[in-house]
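K.L.:
Just one file: work_22.cif, with mmCIF, C-alpha atoms.
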```cif
data_run
loop_
_atom_site.group_PDB
_atom_site.id
_atom_site.type_symbol
_atom_site.label_atom_id
_atom_site.label_comp_id
_atom_site.auth_asym_id
_atom_site.auth_seq_id
_atom_site.Cartn_x
_atom_site.Cartn_y
_atom_site.Cartn_z
ATOM 1 C CA MET L 1 93.283 -18.954 43.847
ATOM 2 C CA ASP L 2 92.599 -19.799 40.176
ATOM 3 C CA GLU L 3 91.592 -17.132 37.689
ATOM 4 C CA ASN L 4 87.853 -17.901 37.688
ATOM 5 C CA LYS L 5 87.679 -17.865 41.484
ATOM 6 C CA SER L 6 89.621 -14.598 41.484
ATOM 7 C CA TYR L 7 87.086 -13.033 39.109
ATOM 8 C CA LEU L 8 84.215 -14.279 41.259
ATOM 9 C CA TYR L 9 85.833 -12.845 44.385
ATOM 10 C CA ASP L 10 86.276 -9.477 42.659
ATOM 11 C CA PHE L 11 82.501 -9.336 42.378
ATOM 12 C CA ILE L 12 81.190 -10.934 45.556
ATOM 13 C CA LYS L 13 83.529 -9.232 48.027
ATOM 14 C CA GLY L 14 81.581 -5.986 47.712
ATOM 15 C CA LEU L 15 78.278 -7.698 48.414
ATOM 16 C CA TRP L 16 79.219 -8.911 51.879
ATOM 17 C CA LYS L 17 82.827 -9.283 53.062
ATOM 18 C CA GLU L 18 83.881 -5.769 52.015
ATOM 19 C CA ASN L 19 80.456 -4.149 51.740
ATOM 20 C CA PRO L 20 81.164 -0.407 51.445
ATOM 21 C CA VAL L 21 78.397 0.592 53.859
ATOM 22 C CA LEU L 22 78.015 -2.287 56.304
ATOM 23 C CA VAL L 23 81.717 -3.126 56.663
ATOM 24 C CA GLN L 24 83.810 -0.176 55.467
ATOM 25 C CA LEU L 25 81.294 2.485 56.569
ATOM 26 C CA LEU L 26 81.839 4.568 53.437
ATOM 27 C CA GLY L 27 79.334 6.843 51.718
ATOM 28 C CA MET L 28 77.558 7.659 54.965
ATOM 29 C CA CYS L 29 76.183 10.997 53.770
ATOM 30 C CA PRO L 30 73.828 9.616 51.057
ATOM 31 C CA THR L 31 73.233 6.448 53.074
ATOM 32 C CA LEU L 32 71.762 8.412 55.960
ATOM 33 C CA ALA L 33 70.105 11.130 53.895
ATOM 34 C CA VAL L 34 68.188 9.344 51.120
ATOM 35 C CA THR L 35 66.999 6.170 52.850
ATOM 36 C CA ASN L 36 63.799 7.688 54.242
ATOM 37 C CA ALA L 37 61.998 6.196 51.211
ATOM 38 C CA VAL L 38 62.712 3.129 49.094
ATOM 39 C CA VAL L 39 62.195 4.976 45.816
ATOM 40 C CA ASN L 40 64.921 7.456 46.785
ATOM 41 C CA ALA L 41 67.268 4.599 47.689
ATOM 42 C CA VAL L 42 66.640 2.946 44.319
ATOM 43 C CA ALA L 43 67.363 6.157 42.406
ATOM 44 C CA MET L 44 70.586 6.755 44.333
ATOM 45 C CA SER L 45 71.636 3.115 43.899
ATOM 46 C CA VAL L 46 71.108 3.185 40.138
ATOM 47 C CA ALA L 47 73.091 6.427 39.888
ATOM 48 C CA VAL L 48 75.988 4.946 41.888
ATOM 49 C CA VAL L 49 76.002 1.727 39.816
ATOM 50 C CA PHE L 50 76.169 3.792 36.618
ATOM 51 C CA VAL L 51 78.819 6.236 37.838
ATOM 52 C CA LEU L 52 81.058 3.672 39.549
ATOM 53 C CA THR L 53 80.979 1.156 36.685
ATOM 54 C CA SER L 54 81.419 3.744 33.926
ATOM 55 C CA SER L 55 84.237 5.501 35.774
ATOM 56 C CA ALA L 56 85.993 2.193 36.483
ATOM 57 C CA ILE L 57 85.967 1.328 32.775
ATOM 58 C CA ILE L 58 87.485 4.653 31.744
ATOM 59 C CA ILE L 59 90.053 4.824 34.552
ATOM 60 C CA SER L 60 91.182 1.244 33.957
ATOM 61 C CA ALA L 61 91.453 1.876 30.197
ATOM 62 C CA ILE L 62 93.638 4.990 30.572
ATOM 63 C CA ARG L 63 95.447 4.100 33.808
ATOM 64 C CA LYS L 64 98.840 3.787 32.136
ATOM 65 C CA PHE L 65 98.558 7.277 30.640
ATOM 66 C CA ILE L 66 97.628 9.155 33.836
ATOM 67 C CA PRO L 67 100.622 10.821 35.536
ATOM 68 C CA GLY L 68 100.832 9.899 39.202
ATOM 69 C CA GLN L 69 100.929 13.538 40.281
ATOM 70 C CA VAL L 70 97.477 14.296 38.873
ATOM 71 C CA ARG L 71 95.777 10.943 39.250
ATOM 72 C CA ILE L 72 93.211 12.065 41.880
ATOM 73 C CA ALA L 73 92.304 15.158 39.845
ATOM 74 C CA SER L 74 91.966 12.958 36.761
ATOM 75 C CA TYR L 75 89.686 10.544 38.601
ATOM 76 C CA ILE L 76 87.486 13.422 39.742
ATOM 77 C CA VAL L 77 87.153 14.767 36.192
ATOM 78 C CA VAL L 78 86.063 11.352 34.903
ATOM 79 C CA ILE L 79 83.681 10.759 37.823
ATOM 80 C CA ALA L 80 82.206 14.267 37.539
ATOM 81 C CA THR L 81 81.434 13.658 33.862
ATOM 82 C CA PHE L 82 79.314 10.592 34.613
ATOM 83 C CA VAL L 83 77.732 12.206 37.680
ATOM 84 C CA THR L 84 76.641 15.148 35.531
ATOM 85 C CA MET L 85 75.127 12.734 33.012
ATOM 86 C CA ALA L 86 73.204 10.925 35.761
ATOM 87 C CA ASP L 87 72.090 14.181 37.375
ATOM 88 C CA ARG L 88 70.866 15.710 34.116
ATOM 89 C CA TYR L 89 69.080 12.485 33.142
ATOM 90 C CA LEU L 90 67.186 12.448 36.429
ATOM 91 C CA ALA L 91 66.351 16.139 36.139
ATOM 92 C CA ALA L 92 65.037 15.684 32.577
ATOM 93 C CA PHE L 93 63.027 12.474 32.957
ATOM 94 C CA TYR L 94 62.363 12.179 36.693
ATOM 95 C CA PRO L 95 62.197 15.758 38.001
ATOM 96 C CA ALA L 96 60.342 14.849 41.195
ATOM 97 C CA GLN L 97 62.959 12.254 42.079
ATOM 98 C CA SER L 98 65.757 14.649 41.211
ATOM 99 C CA LYS L 99 64.259 17.258 43.527
ATOM 100 C CA ALA L 100 63.813 14.713 46.328
ATOM 101 C CA LEU L 101 67.458 13.679 46.162
ATOM 102 C CA GLY L 102 68.584 17.296 46.118
ATOM 103 C CA PRO L 103 72.381 17.755 46.217
ATOM 104 C CA PHE L 104 73.168 14.116 46.946
ATOM 105 C CA ILE L 105 73.459 13.070 43.286
ATOM 106 C CA PRO L 106 76.092 15.775 42.525
ATOM 107 C CA LEU L 107 77.893 14.832 45.735
ATOM 108 C CA ILE L 108 78.620 11.388 44.252
ATOM 109 C CA VAL L 109 81.654 13.119 42.732
ATOM 110 C CA VAL L 110 83.395 13.098 46.119
ATOM 111 C CA ASN L 111 81.834 9.890 47.438
ATOM 112 C CA CYS L 112 84.546 7.850 49.175
ATOM 113 C CA ILE L 113 83.251 4.646 47.597
ATOM 114 C CA ILE L 114 83.763 5.951 44.057
ATOM 115 C CA LEU L 115 87.142 7.609 44.589
ATOM 116 C CA GLY L 116 88.330 4.740 46.752
ATOM 117 C CA ARG L 117 87.643 2.090 44.111
ATOM 118 C CA MET L 118 89.322 4.192 41.416
ATOM 119 C CA GLU L 119 92.476 4.525 43.508
ATOM 120 C CA ALA L 120 92.513 1.052 45.061
ATOM 121 C CA PHE L 121 91.353 -1.088 42.143
ATOM 122 C CA ALA L 122 90.498 0.407 38.743
ATOM 123 C CA SER L 123 93.837 2.215 38.450
ATOM 124 C CA LYS L 124 95.729 -1.064 39.005
ATOM 125 C CA ASN L 125 93.667 -3.726 37.206
ATOM 126 C CA SER L 126 92.229 -4.715 33.835
ATOM 127 C CA ILE L 127 88.935 -3.368 32.520
ATOM 128 C CA PHE L 128 87.117 -6.667 33.074
ATOM 129 C CA ARG L 129 88.249 -7.019 36.687
ATOM 130 C CA SER L 130 87.473 -3.347 37.305
ATOM 131 C CA ILE L 131 83.928 -3.829 36.019
ATOM 132 C CA LEU L 132 83.420 -6.816 38.333
ATOM 133 C CA ASP L 133 84.763 -4.869 41.298
ATOM 134 C CA ALA L 134 82.625 -1.820 40.484
ATOM 135 C CA LEU L 135 79.465 -3.883 40.080
ATOM 136 C CA GLY L 136 80.089 -5.780 43.306
ATOM 137 C CA MET L 137 80.755 -2.646 45.329
ATOM 138 C CA SER L 138 77.850 -0.693 43.847
ATOM 139 C CA PHE L 139 75.433 -3.616 44.295
ATOM 140 C CA GLY L 140 76.647 -3.944 47.898
ATOM 141 C CA PHE L 141 75.938 -0.238 48.369
ATOM 142 C CA ALA L 142 72.489 -0.717 46.820
ATOM 143 C CA ILE L 143 71.675 -3.671 49.077
ATOM 144 C CA ALA L 144 72.559 -1.647 52.184
ATOM 145 C CA LEU L 145 70.487 1.338 51.018
ATOM 146 C CA LEU L 146 67.465 -0.802 50.162
ATOM 147 C CA LEU L 147 67.601 -2.584 53.517
ATOM 148 C CA MET L 148 67.744 0.703 55.399
ATOM 149 C CA ALA L 149 65.092 2.382 53.274
ATOM 150 C CA SER L 150 62.725 -0.576 53.595
ATOM 151 C CA PHE L 151 62.909 -0.605 57.397
ATOM 152 C CA ARG L 152 62.598 3.175 57.647
ATOM 153 C CA GLU L 153 59.704 3.556 55.210
ATOM 154 C CA ILE L 154 57.715 0.605 56.559
ATOM 155 C CA LEU L 155 58.094 1.616 60.197
ATOM 156 C CA GLY L 156 57.908 5.367 59.551
ATOM 157 C CA ASN L 157 55.069 5.517 57.020
ATOM 158 C CA GLY L 158 53.579 2.023 56.936
ATOM 159 C CA THR L 159 54.355 1.904 53.201
ATOM 160 C CA TRP L 160 56.873 0.271 50.859
ATOM 161 C CA PHE L 161 57.505 1.842 47.467
ATOM 162 C CA ASN L 162 54.704 4.218 48.476
ATOM 163 C CA MET L 163 52.258 1.276 48.686
ATOM 164 C CA ARG L 164 50.447 0.656 51.971
ATOM 165 C CA VAL L 165 51.751 -2.536 53.613
ATOM 166 C CA LEU L 166 50.618 -1.939 57.197
ATOM 167 C CA GLY L 167 46.972 -1.381 58.067
ATOM 168 C CA SER L 168 45.284 1.549 59.753
ATOM 169 C CA TRP L 169 46.088 -0.085 63.085
ATOM 170 C CA TRP L 170 49.749 0.827 62.616
ATOM 171 C CA ASP L 171 50.901 3.949 64.456
ATOM 172 C CA ASN L 172 53.707 5.378 62.321
ATOM 173 C CA TRP L 173 57.083 5.756 64.017
ATOM 174 C CA MET L 174 57.838 9.243 62.721
ATOM 175 C CA VAL L 175 61.343 9.118 64.170
ATOM 176 C CA MET L 176 62.259 6.528 61.536
ATOM 177 C CA ILE L 177 61.936 8.961 58.641
ATOM 178 C CA LEU L 178 63.845 11.654 60.526
ATOM 179 C CA PRO L 179 67.670 11.845 60.882
ATOM 180 C CA PRO L 180 67.721 9.989 64.246
ATOM 181 C CA GLY L 181 65.924 7.087 62.579
ATOM 182 C CA ALA L 182 68.664 6.889 59.960
ATOM 183 C CA PHE L 183 71.351 6.528 62.630
ATOM 184 C CA LEU L 184 69.304 3.984 64.589
ATOM 185 C CA THR L 185 68.630 1.880 61.500
ATOM 186 C CA LEU L 186 72.228 2.029 60.295
ATOM 187 C CA GLY L 187 73.564 1.049 63.708
ATOM 188 C CA THR L 188 71.136 -1.862 63.987
ATOM 189 C CA ILE L 189 71.894 -3.238 60.515
ATOM 190 C CA VAL L 190 75.668 -2.802 60.882
ATOM 191 C CA GLY L 191 75.556 -4.484 64.282
ATOM 192 C CA PHE L 192 73.536 -7.404 62.936
ATOM 193 C CA SER L 193 75.871 -7.832 59.941
ATOM 194 C CA LYS L 194 78.888 -7.876 62.272
ATOM 195 C CA PHE L 195 77.161 -10.534 64.386
ATOM 196 C CA LEU L 196 76.539 -12.696 61.304
ATOM 197 C CA GLN L 197 80.090 -12.295 60.053
ATOM 198 C CA THR L 198 81.499 -13.301 63.452
ATOM 199 C CA LYS L 199 79.160 -16.286 63.650
ATOM 200 C CA PHE L 200 80.094 -17.517 60.174
ATOM 201 C CA LYS L 201 83.808 -17.181 60.928
ATOM 202 C CA LYS L 202 83.440 -19.357 64.023
ATOM 203 C CA ALA L 203 81.359 -21.965 62.198
#
```
Let me see the file written as structure tokens.

P.N.:
Amino acid sequence: MDENKSYLYDFIKGLWKENPVLVQLLGMCPTLAVTNAVVNAVAMSVAVVFVLTSSAIIISAIRKFIPGQVRIASYIVVIATFVTMADRYLAAFYPAQSKALGPFIPLIVVNCIILGRMEAFASKNSIFRSILDALGMSFGFAIALLLMASFREILGNGTWFNMRVLGSWWDNWMVMILPPGAFLTLGTIVGFSKFLQTKFKKA
């Protein structure tokens, strides 16, 4: 694999082949909790993109100076710094959104996607490759959240981004905006993605 193809793979693998939600089933807590509305999914996605990319840059830059015995603690300190920035920004400029997301922004600190990419990739690769990996994984996370949130909000409320998309004839499926709806939607989307992956492999 030449260098350009390697760089491209660093980015695109997180979108589909190694999607953190649909394939690796990581970050299930925010995935299930905040996808009852598209606007919540967007806010969480933006926060994860910011935290994952920023943390990857710092960890990759200082990876040679971090003692192996304290590497996880060091990652958490770096991640927590950017999570606090994202959390305080939301609280200051988007208080309603911050309240809606509740504890799930602070919980990004221990999100398996973030810690996993620091340990598996950013701590072993250059800054540029780490940025590509972080963007790919965080965009893959965002795609999964937006898919789930779109299905749940449309079927549960008849709206998308709080705008009415289904007429008065639509009888809202309230279960879709409740926890059982999150599990049903996740299972359906994961199952469909597995079907597509299997089909493409056979083709």

K.L.:
The PyMOL selection byres ((chain L and resi 34) around 10) on the file shown: which residues, as a ChimeraX atom specification?

P.N.:
/L:29-33,35-44,100-102,104,145,148-149,177,182

K.L.:
Evaluate the PyMOL selection byres ((chain L and resi 79) around 8) and record the selected residues as an MDAnalysis selection string, following the chain and residue labels used in the document.

P.N.:
chainID L and resid 51:52 55 75:78 80:83 109 114

K.L.:
Report, in Å to a single decimal, how far apart CA of Ser45 (chain L) and CA of Phe139 (chain L) are.

P.N.:
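Distance reported for this atom pair: 7.7 Å.
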
K.L.:
Between L:Thr53, L:Ser123, L:Thr84, L:Asn111, which is the closest to Arg71 (chain L) once you count only C-alpha atoms?

P.N.:
L:Ser123

K.L.:
Could you pull the residues within 10 Å of Arg88 (chain L), counting all atoms listed in the file, minus those fewer than 5 positions along the same chain, as a CSV table (one decimal) with C-alpha atoms, in the frame of the given file?

P.N.:
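And here is the file that came out, out.csv:
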```csv
chain,number,residue,atom,x,y,z
L,82,PHE,CA,79.3,10.6,34.6
L,83,VAL,CA,77.7,12.2,37.7
L,93,PHE,CA,63.0,12.5,33.0
L,94,TYR,CA,62.4,12.2,36.7
L,95,PRO,CA,62.2,15.8,38.0
L,98,SER,CA,65.8,14.6,41.2
L,105,ILE,CA,73.5,13.1,43.3
L,106,PRO,CA,76.1,15.8,42.5
```

K.L.:
For a cutoff of 12 Å around the file-coordinate point (84.8, -11.9, 44.4), which residues qualify once you count all atoms listed in the file? I'd like the result as an mmCIF file with C-alpha atoms, in the coordinates of the input.

P.N.:
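Writing the result to part16.cif gives the following:
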```cif
data_model
loop_
_atom_site.group_PDB
_atom_site.id
_atom_site.type_symbol
_atom_site.label_atom_id
_atom_site.label_comp_id
_atom_site.auth_asym_id
_atom_site.auth_seq_id
_atom_site.Cartn_x
_atom_site.Cartn_y
_atom_site.Cartn_z
ATOM 1 C CA MET L 1 93.283 -18.954 43.847
ATOM 2 C CA ASP L 2 92.599 -19.799 40.176
ATOM 3 C CA GLU L 3 91.592 -17.132 37.689
ATOM 4 C CA ASN L 4 87.853 -17.901 37.688
ATOM 5 C CA LYS L 5 87.679 -17.865 41.484
ATOM 6 C CA SER L 6 89.621 -14.598 41.484
ATOM 7 C CA TYR L 7 87.086 -13.033 39.109
ATOM 8 C CA LEU L 8 84.215 -14.279 41.259
ATOM 9 C CA TYR L 9 85.833 -12.845 44.385
ATOM 10 C CA ASP L 10 86.276 -9.477 42.659
ATOM 11 C CA PHE L 11 82.501 -9.336 42.378
ATOM 12 C CA ILE L 12 81.190 -10.934 45.556
ATOM 13 C CA LYS L 13 83.529 -9.232 48.027
ATOM 14 C CA GLY L 14 81.581 -5.986 47.712
ATOM 15 C CA LEU L 15 78.278 -7.698 48.414
ATOM 16 C CA TRP L 16 79.219 -8.911 51.879
ATOM 17 C CA LYS L 17 82.827 -9.283 53.062
ATOM 18 C CA GLU L 18 83.881 -5.769 52.015
ATOM 19 C CA ASN L 19 80.456 -4.149 51.740
ATOM 20 C CA ARG L 129 88.249 -7.019 36.687
ATOM 21 C CA SER L 130 87.473 -3.347 37.305
ATOM 22 C CA ILE L 131 83.928 -3.829 36.019
ATOM 23 C CA LEU L 132 83.420 -6.816 38.333
ATOM 24 C CA ASP L 133 84.763 -4.869 41.298
ATOM 25 C CA ALA L 134 82.625 -1.820 40.484
ATOM 26 C CA LEU L 135 79.465 -3.883 40.080
ATOM 27 C CA GLY L 136 80.089 -5.780 43.306
ATOM 28 C CA MET L 137 80.755 -2.646 45.329
ATOM 29 C CA GLY L 140 76.647 -3.944 47.898
#
```

K.L.:
Please compute the CA of Ser138 (chain L)-CA of Leu107 (chain L) distance, one decimal, in Å.

P.N.:
15.6 Å

K.L.:
Give as a PyMOL selection string the residues that the PyMOL selection byres ((chain L and resi 163) around 12) matches when applied to the coordinates above.

P.N.:
chain L and resi 37-39+150+153-154+157-162+164-167
